[in-house]
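Written out below as structure tokens is the structure these notes cover.
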Amino acid sequence: MRHRHLSPAGLVRQPGWDQWLADVLGLTDYSHRATGALLALCLLVASALGAAVSAVARRVARLGRETVRKGIAAGRPSDVRQLEHRLAGALRRMLPRALRRGRVPVAIDLHRRPYYGAHDRTAGVTGAQAENGTNRFWSYATAASLLPGHRHTPAVTAVGPDDTLTEVVERLLAQVNWSGIGVRYVLLDRAFCAVGVINALVKRNMRFIIPLVRRGSAGRFFGRGCRGWYEYTLRARRRAEGTATVRVAVVPDTGHALVFACSAGWCTAPQVALVYGRRFGIESSYRQLGECLAVTTGRDVVYRLLLVGVSLLIRSWWVEAPGTTLNLWRWELILDFTADTEHQHTTQTGTPQTHTTEMT
């Protein structure tokens, strides 16, 4: 039996993504003209274009930018954790059965979007190492599956200035567990090399690999000629946080050594380095997130997380689309939705008059 193949436009329009997005995000009708589906349509087209929602409101929905802004604000929750719960439910619906059949590797990392405003008057902005001309960022953490062909992002959370890395990891792992994905092991960035994070993973009985930070007595693992397995105890800067004992895998490399803090269950040190190389799949997801992310100058943490969530949903649709690129997916989405809007507007107002200019 031959399988039915759909064009990219057919994949975009077949399930009615605008109404589906309005339902999962809880966008209700703001008025008889500003319906939830139209508000979701503005979010989709703005994300595909990488533009502001206010810039596409008139062209896409035939509504004023202030009407669209108020409609979206009325439909979304006011608490960031409530929005994370809605986004987790939407991302869960996009997961294929292949991710639920067995245990899959998962990567966790931080993603930062630069902020150039006055950080002392903006809640939710975090500080970090200077990058792109600023040391203040809107920060998000995600968990991504590393199964080839199904690199979905089932969990996302906003990171505030008062959040600890342990709290961030706990929230992400809770969302991954709720999505129904079994975790084979977790790969984390060196920023997560902390006692609280390691103890949280051990408590959940999860295997993990984290690059060890060269600090204090851990510096001996980076010396020349060091290789193999070692035992090491990390101590937190605050005594109340306690300690964490890990296995250290040292793998010689050109010019320097690769040093990882690991859980039990890994066979050889070179295997640890090879497995950790798969983590960089989450970096590709961040690049793809930026390709379909709507922009805003607003300082609302919830609204910014909403835009990030819509971008992740578009990426999830594309991951399961056979034989398409993300750019093709974006432009098919733009052309198809705007063509439908133009057709509806022409049907309501009649055929537009054509103006000709006579040359004299």
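Chain labels follow the order of the structure tokens: the first chain is A, the next B, and so on; residue numbering restarts at 1 in every chain, and ligands are counted from 1 in their shown order.
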
**Report entry** DSSP helix (DSSP H, G or I) residues within region 11-163 of chain A, as a VMD selection string
**Finding:** chain A and resid 11 to 13 17 to 25 36 to 49 53 to 61 65 to 75 80 to 93 97 to 99 119 to 121

**Report entry** Ile314 (chain A) surroundings by only C-alpha atoms, 12 Å radius, close-in-sequence under 5 positions cut, as a ChimeraX atom specification
**Finding:** /A:11-12,17-18,21,43-48,90-91,94,152-153,285,288-294,307-309,319-321,326-327,329-330,333

Using N, CA and C atoms, can you write the selected residues to a file as a tab-separated table (two decimals), in the first residue's frame?
```
chain	number	residue	atom	x	y	z
A	11	LEU	N	1.12	19.94	4.64
A	11	LEU	CA	1.46	19.60	6.01
A	11	LEU	C	1.12	20.75	6.95
A	12	VAL	N	1.33	21.98	6.49
A	12	VAL	CA	1.07	23.14	7.34
A	12	VAL	C	-0.43	23.30	7.58
A	17	TRP	N	-3.44	24.57	12.05
A	17	TRP	CA	-2.52	24.88	13.13
A	17	TRP	C	-2.94	26.12	13.92
A	18	ASP	N	-3.57	27.10	13.27
A	18	ASP	CA	-3.93	28.32	13.97
A	18	ASP	C	-4.95	28.05	15.07
A	21	LEU	N	-3.25	25.92	17.81
A	21	LEU	CA	-2.39	26.71	18.68
A	21	LEU	C	-3.21	27.54	19.65
A	43	LEU	N	0.60	35.24	15.81
A	43	LEU	CA	1.80	34.69	16.44
A	43	LEU	C	2.57	33.80	15.48
A	44	LEU	N	1.88	32.98	14.72
A	44	LEU	CA	2.55	32.07	13.78
A	44	LEU	C	3.28	32.82	12.68
A	45	VAL	N	2.62	33.78	12.06
A	45	VAL	CA	3.24	34.50	10.95
A	45	VAL	C	4.38	35.38	11.45
A	46	ALA	N	4.21	36.03	12.61
A	46	ALA	CA	5.29	36.84	13.16
A	46	ALA	C	6.51	35.99	13.47
A	47	SER	N	6.29	34.78	14.00
A	47	SER	CA	7.41	33.89	14.29
A	47	SER	C	8.10	33.43	13.02
A	48	ALA	N	7.31	33.09	11.99
A	48	ALA	CA	7.91	32.64	10.74
A	48	ALA	C	8.70	33.75	10.06
A	90	ALA	N	1.37	21.38	25.13
A	90	ALA	CA	1.41	21.50	23.67
A	90	ALA	C	2.58	20.73	23.08
A	91	LEU	N	3.76	20.83	23.70
A	91	LEU	CA	4.92	20.10	23.22
A	91	LEU	C	4.74	18.59	23.37
A	94	MET	N	2.99	17.01	20.45
A	94	MET	CA	3.77	16.92	19.22
A	94	MET	C	4.74	15.74	19.22
A	152	HIS	N	13.19	16.39	19.49
A	152	HIS	CA	12.15	17.28	19.99
A	152	HIS	C	12.61	17.94	21.29
A	153	THR	N	11.89	19.02	21.65
A	153	THR	CA	12.13	19.73	22.91
A	153	THR	C	10.89	19.60	23.76
A	285	SER	N	19.27	23.02	18.00
A	285	SER	CA	17.89	23.39	18.29
A	285	SER	C	17.78	24.86	18.66
A	288	GLN	N	17.92	26.86	15.43
A	288	GLN	CA	16.64	26.75	14.74
A	288	GLN	C	15.55	27.54	15.47
A	289	LEU	N	15.63	27.59	16.79
A	289	LEU	CA	14.68	28.40	17.55
A	289	LEU	C	14.79	29.87	17.14
A	290	GLY	N	16.02	30.35	17.00
A	290	GLY	CA	16.20	31.75	16.61
A	290	GLY	C	15.74	32.06	15.20
A	291	GLU	N	15.67	31.04	14.32
A	291	GLU	CA	15.24	31.28	12.95
A	291	GLU	C	13.75	31.55	12.84
A	292	CYS	N	12.98	31.09	13.80
A	292	CYS	CA	11.52	31.29	13.75
A	292	CYS	C	11.03	31.86	15.07
A	293	LEU	N	11.69	32.91	15.54
A	293	LEU	CA	11.34	33.55	16.80
A	293	LEU	C	10.87	34.97	16.54
A	294	ALA	N	9.66	35.29	16.95
A	294	ALA	CA	9.15	36.65	16.83
A	294	ALA	C	9.92	37.57	17.77
A	307	LEU	N	6.49	33.68	23.12
A	307	LEU	CA	7.11	33.71	21.79
A	307	LEU	C	8.11	32.57	21.62
A	308	VAL	N	8.87	32.28	22.66
A	308	VAL	CA	9.82	31.17	22.61
A	308	VAL	C	9.07	29.85	22.45
A	309	GLY	N	7.95	29.70	23.16
A	309	GLY	CA	7.16	28.49	23.06
A	309	GLY	C	6.58	28.27	21.67
A	319	VAL	N	10.28	19.09	12.64
A	319	VAL	CA	11.06	17.87	12.92
A	319	VAL	C	10.36	16.64	12.36
A	320	GLU	N	9.04	16.61	12.43
A	320	GLU	CA	8.28	15.46	11.95
A	320	GLU	C	7.82	15.61	10.51
A	321	ALA	N	8.27	16.66	9.80
A	321	ALA	CA	7.89	16.86	8.40
A	321	ALA	C	8.94	16.21	7.50
A	326	LEU	N	13.72	23.80	7.36
A	326	LEU	CA	13.01	24.73	8.24
A	326	LEU	C	12.67	26.01	7.50
A	327	ASN	N	13.57	26.51	6.65
A	327	ASN	CA	13.27	27.73	5.90
A	327	ASN	C	12.11	27.53	4.95
A	329	TRP	N	9.71	25.39	5.33
A	329	TRP	CA	8.53	25.28	6.19
A	329	TRP	C	8.02	26.66	6.59
A	330	ARG	N	8.94	27.55	6.98
A	330	ARG	CA	8.55	28.90	7.39
A	330	ARG	C	7.87	29.66	6.26
A	333	LEU	N	4.47	28.41	5.32
A	333	LEU	CA	3.52	28.84	6.33
A	333	LEU	C	3.11	30.29	6.10
```

Query raised in the report: Could you pull out all residues of region 181-307 of chain A with a DSSP call of strand (DSSP E) and give them as number ranges by chain?
Result: A: 182-188, 208-211, 228-235, 243-252, 257-262

Query raised in the report: In Å to one decimal, how far is CA of Tyr30 (chain A) from CA of Arg62 (chain A)?
Result: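 Rounded to one decimal, the two atoms are 14.3 Å apart.
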
**Report entry** Selection: 12 Å around Arg287 (chain A), only C-alpha atoms, excl. self and same-chain fewer than 5 positions, as a PyMOL selection string
**Finding:** chain A and resi 111-113+280-282+292-293+311-312+315+326

Can I get the selection written as an mmCIF file, in the first residue's frame, with N, CA and C atoms?
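Done, and the output landed in result_14.cif:
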```
data_model
loop_
_atom_site.group_PDB
_atom_site.id
_atom_site.type_symbol
_atom_site.label_atom_id
_atom_site.label_comp_id
_atom_site.auth_asym_id
_atom_site.auth_seq_id
_atom_site.Cartn_x
_atom_site.Cartn_y
_atom_site.Cartn_z
ATOM 1 N N HIS A 111 19.763 28.699 27.301
ATOM 2 C CA HIS A 111 19.754 29.515 26.093
ATOM 3 C C HIS A 111 19.496 30.952 26.507
ATOM 4 N N ARG A 112 20.336 31.865 26.051
ATOM 5 C CA ARG A 112 20.233 33.261 26.451
ATOM 6 C C ARG A 112 19.989 34.153 25.239
ATOM 7 N N ARG A 113 19.042 35.071 25.382
ATOM 8 C CA ARG A 113 18.764 36.086 24.377
ATOM 9 C C ARG A 113 19.219 37.426 24.940
ATOM 10 N N PHE A 280 25.705 18.233 21.467
ATOM 11 C CA PHE A 280 25.682 19.450 20.658
ATOM 12 C C PHE A 280 24.493 19.493 19.712
ATOM 13 N N GLY A 281 23.683 18.431 19.705
ATOM 14 C CA GLY A 281 22.428 18.498 18.983
ATOM 15 C C GLY A 281 21.486 19.540 19.562
ATOM 16 N N ILE A 282 21.600 19.819 20.869
ATOM 17 C CA ILE A 282 20.744 20.831 21.474
ATOM 18 C C ILE A 282 21.169 22.226 21.032
ATOM 19 N N CYS A 292 12.980 31.089 13.802
ATOM 20 C CA CYS A 292 11.524 31.290 13.752
ATOM 21 C C CYS A 292 11.028 31.860 15.072
ATOM 22 N N LEU A 293 11.695 32.912 15.543
ATOM 23 C CA LEU A 293 11.335 33.548 16.803
ATOM 24 C C LEU A 293 10.869 34.968 16.541
ATOM 25 N N SER A 311 7.852 29.370 18.900
ATOM 26 C CA SER A 311 8.976 28.996 18.047
ATOM 27 C C SER A 311 9.312 27.516 18.210
ATOM 28 N N LEU A 312 9.287 27.013 19.432
ATOM 29 C CA LEU A 312 9.574 25.596 19.657
ATOM 30 C C LEU A 312 8.501 24.698 19.052
ATOM 31 N N ARG A 315 9.134 24.484 15.376
ATOM 32 C CA ARG A 315 10.255 23.568 15.156
ATOM 33 C C ARG A 315 9.816 22.118 15.327
ATOM 34 N N LEU A 326 13.718 23.804 7.363
ATOM 35 C CA LEU A 326 13.008 24.727 8.235
ATOM 36 C C LEU A 326 12.667 26.013 7.498
#
```

Report task. Rank nothing, just name the residue among A:Ser31, A:Gly160, A:Thr126, A:Gly102 nearest to Val68 (chain A), using only C-alpha atoms. Result ->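 Result for the nearest residue to Val68 (chain A): A:Ser31.
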
Can you pull out every residue within 12 Å of Asn135 (chain A), counting only C-alpha atoms, but drop anything in the same chain fewer than 6 positions away, and send it as a compact mmCIF listing (two decimals) with all heavy atoms, in the first residue's frame?
```
# COMPACT_ATOMS: atom_id res chain seq x y z
N ARG A 112 20.34 31.86 26.05
CA ARG A 112 20.23 33.26 26.45
C ARG A 112 19.99 34.15 25.24
O ARG A 112 20.66 34.01 24.22
CB ARG A 112 21.50 33.71 27.19
CG ARG A 112 21.75 32.97 28.51
CD ARG A 112 22.95 33.54 29.23
NE ARG A 112 23.12 32.95 30.56
CZ ARG A 112 23.88 31.90 30.83
NH1 ARG A 112 24.57 31.34 29.84
NH2 ARG A 112 23.97 31.42 32.05
N ARG A 113 19.04 35.07 25.38
CA ARG A 113 18.76 36.09 24.38
C ARG A 113 19.22 37.43 24.94
O ARG A 113 18.84 37.82 26.05
CB ARG A 113 17.27 36.15 24.04
CG ARG A 113 16.63 34.82 23.70
CD ARG A 113 17.19 34.21 22.44
NE ARG A 113 16.98 35.05 21.28
CZ ARG A 113 17.33 34.71 20.04
NH1 ARG A 113 17.94 33.55 19.83
NH2 ARG A 113 17.10 35.52 19.03
N PRO A 114 20.05 38.18 24.22
CA PRO A 114 20.63 39.41 24.79
C PRO A 114 19.58 40.48 25.07
O PRO A 114 18.58 40.61 24.37
CB PRO A 114 21.61 39.87 23.69
CG PRO A 114 21.14 39.21 22.44
CD PRO A 114 20.53 37.91 22.86
N TYR A 115 19.84 41.25 26.12
CA TYR A 115 18.97 42.36 26.51
C TYR A 115 19.83 43.61 26.65
O TYR A 115 20.87 43.58 27.34
CB TYR A 115 18.26 42.05 27.83
CG TYR A 115 17.42 43.19 28.34
CD1 TYR A 115 16.28 43.59 27.66
CD2 TYR A 115 17.78 43.89 29.50
CE1 TYR A 115 15.50 44.64 28.12
CE2 TYR A 115 17.00 44.93 29.97
CZ TYR A 115 15.87 45.30 29.27
OH TYR A 115 15.11 46.35 29.72
N TYR A 116 19.40 44.70 26.02
CA TYR A 116 20.22 45.92 25.99
C TYR A 116 19.57 47.07 26.74
O TYR A 116 20.03 48.21 26.64
CB TYR A 116 20.47 46.33 24.54
CG TYR A 116 21.22 45.29 23.74
CD1 TYR A 116 20.54 44.41 22.92
CD2 TYR A 116 22.60 45.17 23.83
CE1 TYR A 116 21.21 43.43 22.18
CE2 TYR A 116 23.29 44.21 23.10
CZ TYR A 116 22.58 43.34 22.29
OH TYR A 116 23.26 42.38 21.56
N GLY A 117 18.49 46.82 27.46
CA GLY A 117 17.81 47.88 28.19
C GLY A 117 18.38 48.07 29.59
O GLY A 117 19.45 47.56 29.95
N ALA A 118 17.62 48.80 30.38
CA ALA A 118 18.01 49.07 31.78
C ALA A 118 17.63 47.87 32.63
O ALA A 118 16.46 47.66 32.94
CB ALA A 118 17.33 50.34 32.27
N HIS A 119 18.62 47.08 33.00
CA HIS A 119 18.33 45.84 33.71
C HIS A 119 17.84 46.08 35.13
O HIS A 119 17.14 45.25 35.70
CB HIS A 119 19.58 44.95 33.74
CG HIS A 119 20.73 45.55 34.50
ND1 HIS A 119 21.66 46.36 33.90
CD2 HIS A 119 21.08 45.47 35.80
CE1 HIS A 119 22.56 46.74 34.80
NE2 HIS A 119 22.22 46.22 35.96
N VAL A 125 15.52 39.57 34.14
CA VAL A 125 16.77 39.58 33.39
C VAL A 125 17.88 39.01 34.26
O VAL A 125 18.00 39.34 35.44
CB VAL A 125 17.12 41.01 32.93
CG1 VAL A 125 18.47 41.04 32.23
CG2 VAL A 125 16.05 41.53 31.99
N THR A 126 18.70 38.14 33.67
CA THR A 126 19.78 37.51 34.41
C THR A 126 21.14 38.00 33.90
O THR A 126 21.26 38.42 32.75
CB THR A 126 19.73 35.98 34.27
OG1 THR A 126 19.86 35.62 32.89
CG2 THR A 126 18.41 35.45 34.79
N GLY A 127 22.14 37.94 34.76
CA GLY A 127 23.49 38.32 34.38
C GLY A 127 24.31 37.10 33.98
O GLY A 127 24.08 35.99 34.48
N ALA A 128 25.26 37.31 33.08
CA ALA A 128 26.15 36.23 32.63
C ALA A 128 27.38 36.87 32.00
O ALA A 128 27.52 38.09 31.94
CB ALA A 128 25.43 35.31 31.65
N GLN A 129 28.27 36.01 31.52
CA GLN A 129 29.48 36.50 30.85
C GLN A 129 29.10 37.32 29.64
O GLN A 129 28.17 36.97 28.89
CB GLN A 129 30.36 35.32 30.45
CG GLN A 129 31.69 35.72 29.86
CD GLN A 129 32.56 34.52 29.54
OE1 GLN A 129 32.17 33.39 29.80
NE2 GLN A 129 33.72 34.76 28.97
```

**Report entry** Given only C-alpha atoms as the counted atoms, nearest of A:Leu41, A:Leu313, A:Ala34, A:Leu147 to Gly64 (chain A)
**Finding:** A:Ala34

Requested in this report: Find the residues near Cys42 (chain A): any atom within 7 Å, counting only C-alpha atoms, skip ones fewer than 6 places away on the same chain, and give them as a list in words.
Outcome: Val53, Val56, Ala57, Val60 and Ala61 of chain A

Query raised in the report: Taking into account only C-alpha atoms, which residue in the set A:Tyr230, A:Ala174, A:Val24, A:Asp300 is nearest to Thr268 (chain A)?
Result: A:Tyr230

Requested in this report: Considering only C-alpha atoms, state which residue in the set A:Leu234, A:Val248, A:Val195, A:Ala98 is at the smallest distance from Ala261 (chain A).
Outcome: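 The answer is A:Val248, which sits nearest to Ala261 (chain A).
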
Query raised in the report: Smallest atom-to-atom distance to Leu172 (chain A): which of A:Val251, A:Leu187, A:Ala88, A:Leu27, using only C-alpha atoms?
Result: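 Checking each of A:Val251, A:Leu187, A:Ala88, A:Leu27 against Leu172 (chain A), counting only C-alpha atoms, the winner is A:Ala88.
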
Requested in this report: Can you work out which one of A:Thr164, A:Gly124, A:Ile210, A:Ala155 has the shortest atom-to-atom distance to Ser263 (chain A), counting only C-alpha atoms?
Outcome: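 When distances to Ser263 (chain A) are compared using only C-alpha atoms, the smallest one comes from A:Ile210.
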